[in-house]
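Below is one structure, written out as structure tokens; the observations come after it.
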Amino acid sequence: MEKKTLYTIIVHSENLAGILNQVTAVFTRRQLNIESLNVSASSIKGVHKYTITCWTTRDIIEKVVKQIEKKMDVIQAHYFTDKEIFQREVAMYKVSMPEFQSNPEASKVVRRYSAHIVEVNPVFAIVELTGMSDDITSLYQELKALNCVLQFVRSGRIAVSTSCFERVNEYLAHREERYNNEKNGE
Amino acid sequence: MEKEKITGAEALMRSLEHEGVKTIFGYPGGAIMPVFDALYDHRDSLNHILVRHEQGAAHAAQGFARVSGQVGVCLVTSGPGATNTITGIADAMIDSTPIVVIAGQVGAGLLGTDAFQEVDLVGVTQPISKWSYQIRRAEDVAWAVSRAFYIARSGRPGPVVLDFAKNAQQELTAYEPMHVDFIRSYDPDPETDPKAVAEAVALINEAKKPLVLVGQGVELGNAQAELRAFVEKADIPCGCTLLGLSALPTAHPLNKGMLGMHGNLGPNVKTNECDVLIAVGMRFDDRVTGKLETYAKQAKIIHLDIDPSEIGKNVAVDVAVLGDCKRTLALLTELIQRQQHTDWISSFKTYEEKEYEEVIKKEVYPADGPLNMGEVVRAVSEATGNEAILVTDVGQNQMMACRYFKYTKERSVVTSGGMGTMGFGLPAAIGATFGRPERTVCVFMGDGGLQMTMQELGTVMEQQAPVKIILLNNNYLGNVRQWQAMFFNRRYSFTPMMNPDYMQIAAAYGIKSRRVIERKELGEAVREMLETEGPFLLEACVVEEGNVLPMTPPGCSVNYMLMEC
């Protein structure tokens with residue numbers, strides 16, 4: 001059995017209703033759990049970018065990516081290992097103010113992770129951390145051990161590849177050039 | 001002057017005419033009534049065939065598309081009308097058949113409210129269609145229809161669903177015909193990598209024992225002539241998939257028969273002996289490959305396909321040649337050397353003789369006993385000069401028909417391959433008679449499959465569609481019975497089937513019919529069927545416990561075939 005790796009899949013699609021459903025359906029069909037998912041506008045107007053993480057094998061992820069790319073309104077889909085991307089997650093930790101203040105360890109922990117305190121009031125404070133997935137988890141565990149966490153939320157991963165350009169730009173330019181050439185060649 | 005405004009329904013009619021549509025299979029209902037009202041004024045140019053159930057409309061559109069190469073169209077209402085087409089849409093998806101299903105939908109203001117006959121058709125059909133779109137405004141009709149037809153017919157063809165909200169059918173719009181021929185997110189004919197072509201050419205030139213697997217992609221790409229030129233220049237024997245059977249004439253010396261579970265012995269055994277396997281427009285279905293772990297492990301595999309997601313999906317390939325096979329086959333033919341593989345080709349003979357002696361002779365030329373399925377198929381095929389279009393249902397009738405029918409013309413096989421949809425045969429055959437009205441259409445069915453869509457005999461009656469129906473009646477759900485006999489200790493759990501009197505059923509629909517029990521009557525009965533103008537039902541009472549052989553049992557290697565069971 002091939003070892004499972006955490007892959008990051010980056011998908012670009014037209015910004016139309018229903019595409020997320022089609023993308024996730026490819027995972028569902030193969031009984032793959034999506035670890036995290038982030039969807040937002042991309043740098044190209046009218047194009048949405050999906051960043052999906054999933055534990056699976058290289059063989060499966062290759063097929064999954066091709067099947068996502070086959071969807072009519074998906075422009076491109078690529079998969080990456082952690083070495084091939086820069087990646088971040090954002091987390092927010094809502095901590096109880098009385099507990100947080102009474103324990104001197106608490107603010108040390110926050111400083112150690114270079115986390116920010118973005119809101120303070122007599123009832124609670126909000127700590128924000130942007131970082132790698134493992135750091136976010138371990139900060140949560142440390143704060144939890146101090147018994148002060150009221151709420152915790154983390155985003156899905158966002159990532160950029162280590163190559164210079166967004167490949168989708170080149171792809172779209174190439175598609176249009178090929179179409180125009182074929183049209184003029186007729 | 002301001003442009004004339006027309007309703008969305010009228011815009012649909014003009015868009016369909018603009019796409020060259022002449023035939024529609026459909027069934028009216030509440031949420032599609034404005035469209036049917038518009039159709040009333042276009043009934044001279046758009047021939048609407050009223051089916052008896054919407055599943056029939058979808059399969060008829062498939063049959064029409066498969067034989068004609070044009071897009072099949074079906075028009076149904078919302079809710080149950082739309083969901084009744086689902087089987088046909090899924091079937092068209094897996095068998096790459098270009099159809100456009102236009103369904104009514106409740107008005108946009110009612111969407112999401114569980115309105116009467118509302119169903120989330122786009123949501124339901126997204127995983128089983130090539131594209132699925134809801135038209136909510138009349139002004140989108142021309143664009144959506146043009147895009148739908150472009151998507152359905154281009155690249156690897158497939159089904160497209162248009163969910164047409166009632167308000168958009170009624171609202172007014174200034175119609176302007178559209179011509180979509182580019183979608184930036186969709187590449188219908190991927191670029192071919194010259195390096196891959198060079199590698200393929202080198203492998204083919206060096207091959208001593210090459211084998212070509214011919215898939216439906218050859219028919220879909222209209223590359224039958226390019227395939228012939230390629231295999232003739234390289235002198236490569238071929239095995240055909242179920243859907244690729246008529247891409248190369250049966251009698252062509254390089255056609256070594258059908259691949260797969262019930263295919264011919266030669267090409268299956270040779271799959272595991274060849275040194276280079278060249279798969280053209282086929283998808284290595286499990287019914288073709290058998291056990292993947294032992295499939296063609298000795299061979300270098302070259303895969304020609306238009307769909308990048310098929311490359312490496314089931315079988316790892318050494319060289320992938322992407323693109324339309326009409327183009328890539330021609331390219332390869334130009335670059336390869338002329339070859340001769342006489343010894344390799346003649347090595348198929350041993351297996352052909354073995355299969356003839358142990359299976360075919362008994363099935364097609366029995367001396368006594370009840371009629372066999374295979375002998376009925378062969379009698380019909382030969383009586384048509386092997387020139388008819390073969391439509392089948394699913395099960396033993398399908399395997400027997402595909403094994404023993406012979407093909408001289410392209411696009412002559414219409415069968416439900418990937419989905420294996422029982423009930424496909426009769427409506428698909430009706431569609432085929434409209435797709436190629438000048439050709440004879442013979443449909444083989446079992447007693448199970450006929451009864452699944454038997455209501456379409458009403459469509460046959462009304463249209464006088466010249467369908468030659470051959471019912472291979474064995475009073476069993478034969479294929480499942482055969483598996484029960486082979487793998488479930490002959491426990492015939494709900495496979496024996498009580499049948500109606502099909503002669504009376506045919507008579508009720510005014511369809512001429514004949515029942516054959518005796519062998520000596522068979523030839524005469526087939527002649528009567530073919531000489532009768534219009535539809536005909538020929539019921540052949542065949543051996544009850546007949547088996548389709550040879551067979552690669554499920555999970556076994558492709559070269560292991562049982563000759564008896």
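Note on naming: chains are A, B, ... as they come in the structure tokens, residues start from 1 per chain, ligands start from 1 in the order shown.
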
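Contacts from chain B to chain A at a cut-off of 8 Å (only C-alpha atoms) map to Gly123, Gln126, Pro127, Lys130, Trp131, Phe182, Arg184, Ser185, Tyr186, Pro308, Ser309, Gly312 and Lys313 of chain B.
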
Write out the residues from the selection above, keeping C-alpha atoms, as a short mmCIF file (atom, residue, chain, number, x, y, z; two decimals), in the first residue's frame.
data_model
loop_
_atom_site.label_atom_id
_atom_site.label_comp_id
_atom_site.auth_asym_id
_atom_site.auth_seq_id
_atom_site.Cartn_x
_atom_site.Cartn_y
_atom_site.Cartn_z
CA GLY B 123 -28.13 19.33 -8.89
CA GLN B 126 -24.39 17.47 -12.54
CA PRO B 127 -22.50 14.24 -11.78
CA LYS B 130 -21.21 16.82 -19.44
CA TRP B 131 -22.89 20.12 -18.67
CA PHE B 182 -15.01 28.38 -27.86
CA ARG B 184 -11.91 28.96 -22.43
CA SER B 185 -12.24 26.39 -19.63
CA TYR B 186 -12.85 23.52 -22.07
CA PRO B 308 -6.99 13.33 -20.70
CA SER B 309 -8.79 11.92 -17.65
CA GLY B 312 -3.88 6.02 -16.74
CA LYS B 313 -7.32 5.83 -15.11
#

>> I'd like the contact shell of Asn479 in chain B - 8 Å cut-off, only C-alpha atoms, skipping same-chain residues fewer than 4 positions apart - returned as a count of residues only.
In response: 4

DSSP strand (DSSP E) selection over range 174-340 of chain B, as a PDB file with N, CA and C atoms, in the first residue's frame:
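The result, stored in result.pdb:
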ATOM      1  N   ALA B 174     -35.360  39.883 -27.437  1.00  0.00           N
ATOM      2  CA  ALA B 174     -34.972  40.118 -28.828  1.00  0.00           C
ATOM      3  C   ALA B 174     -34.005  39.008 -29.214  1.00  0.00           C
ATOM      4  N   PRO B 210       2.334  -6.655 -32.228  1.00  0.00           N
ATOM      5  CA  PRO B 210       1.457  -5.554 -31.798  1.00  0.00           C
ATOM      6  C   PRO B 210      -0.030  -5.934 -31.873  1.00  0.00           C
ATOM      7  N   LEU B 211      -0.819  -5.270 -31.047  1.00  0.00           N
ATOM      8  CA  LEU B 211      -2.268  -5.500 -31.064  1.00  0.00           C
ATOM      9  C   LEU B 211      -2.957  -4.153 -30.883  1.00  0.00           C
ATOM     10  N   VAL B 212      -3.992  -3.904 -31.706  1.00  0.00           N
ATOM     11  CA  VAL B 212      -4.751  -2.660 -31.592  1.00  0.00           C
ATOM     12  C   VAL B 212      -6.094  -2.954 -30.934  1.00  0.00           C
ATOM     13  N   LEU B 213      -6.471  -2.132 -29.956  1.00  0.00           N
ATOM     14  CA  LEU B 213      -7.791  -2.231 -29.349  1.00  0.00           C
ATOM     15  C   LEU B 213      -8.627  -1.072 -29.886  1.00  0.00           C
ATOM     16  N   VAL B 214      -9.707  -1.417 -30.579  1.00  0.00           N
ATOM     17  CA  VAL B 214     -10.522  -0.409 -31.254  1.00  0.00           C
ATOM     18  C   VAL B 214     -11.728  -0.060 -30.379  1.00  0.00           C
ATOM     19  N   CYS B 238      -6.520  -6.571 -34.773  1.00  0.00           N
ATOM     20  CA  CYS B 238      -7.335  -5.691 -33.920  1.00  0.00           C
ATOM     21  C   CYS B 238      -8.358  -6.492 -33.136  1.00  0.00           C
ATOM     22  N   GLY B 239      -8.611  -6.033 -31.917  1.00  0.00           N
ATOM     23  CA  GLY B 239      -9.773  -6.492 -31.163  1.00  0.00           C
ATOM     24  C   GLY B 239     -10.653  -5.273 -30.942  1.00  0.00           C
ATOM     25  N   CYS B 240     -11.985  -5.460 -31.016  1.00  0.00           N
ATOM     26  CA  CYS B 240     -12.897  -4.318 -30.886  1.00  0.00           C
ATOM     27  C   CYS B 240     -13.654  -4.405 -29.567  1.00  0.00           C
ATOM     28  N   ASN B 255      -9.438  -7.804 -38.446  1.00  0.00           N
ATOM     29  CA  ASN B 255     -10.393  -7.761 -37.332  1.00  0.00           C
ATOM     30  C   ASN B 255     -10.478  -9.139 -36.690  1.00  0.00           C
ATOM     31  N   LYS B 256      -9.967  -9.247 -35.482  1.00  0.00           N
ATOM     32  CA  LYS B 256      -9.931 -10.551 -34.814  1.00  0.00           C
ATOM     33  C   LYS B 256     -11.066 -10.707 -33.808  1.00  0.00           C
ATOM     34  N   GLY B 257     -12.024  -9.790 -33.841  1.00  0.00           N
ATOM     35  CA  GLY B 257     -13.228  -9.994 -33.040  1.00  0.00           C
ATOM     36  C   GLY B 257     -13.345  -9.099 -31.836  1.00  0.00           C
ATOM     37  N   MET B 258     -14.235  -9.523 -30.957  1.00  0.00           N
ATOM     38  CA  MET B 258     -14.636  -8.682 -29.829  1.00  0.00           C
ATOM     39  C   MET B 258     -13.772  -8.945 -28.602  1.00  0.00           C
ATOM     40  N   VAL B 276       3.301  -4.834 -27.953  1.00  0.00           N
ATOM     41  CA  VAL B 276       2.859  -3.443 -27.914  1.00  0.00           C
ATOM     42  C   VAL B 276       1.346  -3.422 -28.083  1.00  0.00           C
ATOM     43  N   LEU B 277       0.685  -2.779 -27.145  1.00  0.00           N
ATOM     44  CA  LEU B 277      -0.773  -2.704 -27.167  1.00  0.00           C
ATOM     45  C   LEU B 277      -1.139  -1.256 -27.488  1.00  0.00           C
ATOM     46  N   ILE B 278      -1.916  -1.085 -28.567  1.00  0.00           N
ATOM     47  CA  ILE B 278      -2.273   0.276 -28.977  1.00  0.00           C
ATOM     48  C   ILE B 278      -3.783   0.438 -28.801  1.00  0.00           C
ATOM     49  N   ALA B 279      -4.174   1.185 -27.790  1.00  0.00           N
ATOM     50  CA  ALA B 279      -5.591   1.360 -27.489  1.00  0.00           C
ATOM     51  C   ALA B 279      -6.063   2.662 -28.123  1.00  0.00           C
ATOM     52  N   VAL B 280      -7.105   2.565 -28.951  1.00  0.00           N
ATOM     53  CA  VAL B 280      -7.579   3.751 -29.666  1.00  0.00           C
ATOM     54  C   VAL B 280      -9.010   4.081 -29.241  1.00  0.00           C
ATOM     55  N   LYS B 300       4.182  -3.000 -23.832  1.00  0.00           N
ATOM     56  CA  LYS B 300       4.232  -1.541 -23.765  1.00  0.00           C
ATOM     57  C   LYS B 300       2.862  -1.050 -24.235  1.00  0.00           C
ATOM     58  N   ILE B 301       2.298  -0.107 -23.517  1.00  0.00           N
ATOM     59  CA  ILE B 301       0.939   0.316 -23.864  1.00  0.00           C
ATOM     60  C   ILE B 301       0.933   1.750 -24.387  1.00  0.00           C
ATOM     61  N   ILE B 302       0.321   1.909 -25.559  1.00  0.00           N
ATOM     62  CA  ILE B 302       0.137   3.242 -26.148  1.00  0.00           C
ATOM     63  C   ILE B 302      -1.363   3.535 -26.108  1.00  0.00           C
ATOM     64  N   HIS B 303      -1.727   4.688 -25.596  1.00  0.00           N
ATOM     65  CA  HIS B 303      -3.160   5.008 -25.483  1.00  0.00           C
ATOM     66  C   HIS B 303      -3.456   6.283 -26.260  1.00  0.00           C
ATOM     67  N   LEU B 304      -4.299   6.158 -27.274  1.00  0.00           N
ATOM     68  CA  LEU B 304      -4.765   7.321 -28.033  1.00  0.00           C
ATOM     69  C   LEU B 304      -6.133   7.694 -27.506  1.00  0.00           C
ATOM     70  N   ASP B 305      -6.273   8.886 -26.966  1.00  0.00           N
ATOM     71  CA  ASP B 305      -7.593   9.281 -26.472  1.00  0.00           C
ATOM     72  C   ASP B 305      -7.743  10.802 -26.489  1.00  0.00           C
ATOM     73  N   VAL B 319       2.889   5.332 -23.235  1.00  0.00           N
ATOM     74  CA  VAL B 319       2.843   6.525 -24.081  1.00  0.00           C
ATOM     75  C   VAL B 319       1.390   6.955 -24.244  1.00  0.00           C
ATOM     76  N   ALA B 320       1.101   8.217 -23.946  1.00  0.00           N
ATOM     77  CA  ALA B 320      -0.250   8.742 -24.136  1.00  0.00           C
ATOM     78  C   ALA B 320      -0.236   9.711 -25.305  1.00  0.00           C
ATOM     79  N   VAL B 321      -1.033   9.409 -26.323  1.00  0.00           N
ATOM     80  CA  VAL B 321      -1.148  10.312 -27.466  1.00  0.00           C
ATOM     81  C   VAL B 321      -2.513  10.979 -27.368  1.00  0.00           C
ATOM     82  N   LEU B 322      -2.509  12.217 -26.887  1.00  0.00           N
ATOM     83  CA  LEU B 322      -3.773  12.919 -26.688  1.00  0.00           C
ATOM     84  C   LEU B 322      -4.262  13.527 -27.996  1.00  0.00           C
TER      85      LEU B 322
END

> Can you tell me how far CA of Val73 in chain B sits from CA of Met422 in chain B, in Å to one decimal?
Replying inline: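 Spanning CA of Val73 in chain B to CA of Met422 in chain B is a straight-line distance of 21.1 Å.
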
>> Between B:Asp447, B:Asp91, B:Asp324, B:Glu438, which residue has the minimum interatomic distance to Asn222 in chain B, considering only C-alpha atoms?
In response: B:Asp324

>> Restricting the calculation to only C-alpha atoms: of B:Ile389, B:Met486, B:Val543, B:Ala432, which residue gets closest to Leu371 in chain B?
In response: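 Ranking B:Ile389, B:Met486, B:Val543, B:Ala432 by distance to Leu371 in chain B, first place goes to B:Val543.
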
> CA of His179 in chain B to CA of Ser78 in chain B: how many Å, to one decimal?
Replying inline: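 These two atoms are separated by 27.1 Å.
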
>> List the spatial neighbours of range 1-6 of chain B as a PyMOL selection string - criterion: any atom at most 9 Å away, only C-alpha atoms, same-chain residues fewer than 5 positions off excluded.
In response: chain B and resi 11+170-175

Selection to disk with N, CA and C atoms, as a PDB file, in the first residue's frame:
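Ended up saving to selection_36.pdb:
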ATOM      1  N   ALA B  11     -37.905  31.479 -28.890  1.00  0.00           N
ATOM      2  CA  ALA B  11     -36.449  31.581 -29.073  1.00  0.00           C
ATOM      3  C   ALA B  11     -35.819  30.187 -29.047  1.00  0.00           C
ATOM      4  N   GLN B 170     -41.784  32.189 -21.090  1.00  0.00           N
ATOM      5  CA  GLN B 170     -42.879  33.108 -21.405  1.00  0.00           C
ATOM      6  C   GLN B 170     -42.433  34.547 -21.656  1.00  0.00           C
ATOM      7  N   GLU B 171     -41.323  34.938 -20.993  1.00  0.00           N
ATOM      8  CA  GLU B 171     -40.881  36.325 -21.140  1.00  0.00           C
ATOM      9  C   GLU B 171     -40.425  36.622 -22.566  1.00  0.00           C
ATOM     10  N   LEU B 172     -40.407  37.921 -22.886  1.00  0.00           N
ATOM     11  CA  LEU B 172     -40.048  38.323 -24.242  1.00  0.00           C
ATOM     12  C   LEU B 172     -38.567  38.699 -24.316  1.00  0.00           C
ATOM     13  N   THR B 173     -37.995  38.424 -25.466  1.00  0.00           N
ATOM     14  CA  THR B 173     -36.594  38.769 -25.682  1.00  0.00           C
ATOM     15  C   THR B 173     -36.370  39.074 -27.155  1.00  0.00           C
ATOM     16  N   ALA B 174     -35.360  39.883 -27.437  1.00  0.00           N
ATOM     17  CA  ALA B 174     -34.972  40.118 -28.828  1.00  0.00           C
ATOM     18  C   ALA B 174     -34.005  39.008 -29.214  1.00  0.00           C
ATOM     19  N   TYR B 175     -34.448  38.110 -30.081  1.00  0.00           N
ATOM     20  CA  TYR B 175     -33.646  36.928 -30.404  1.00  0.00           C
ATOM     21  C   TYR B 175     -32.581  37.219 -31.452  1.00  0.00           C
TER      22      TYR B 175
END
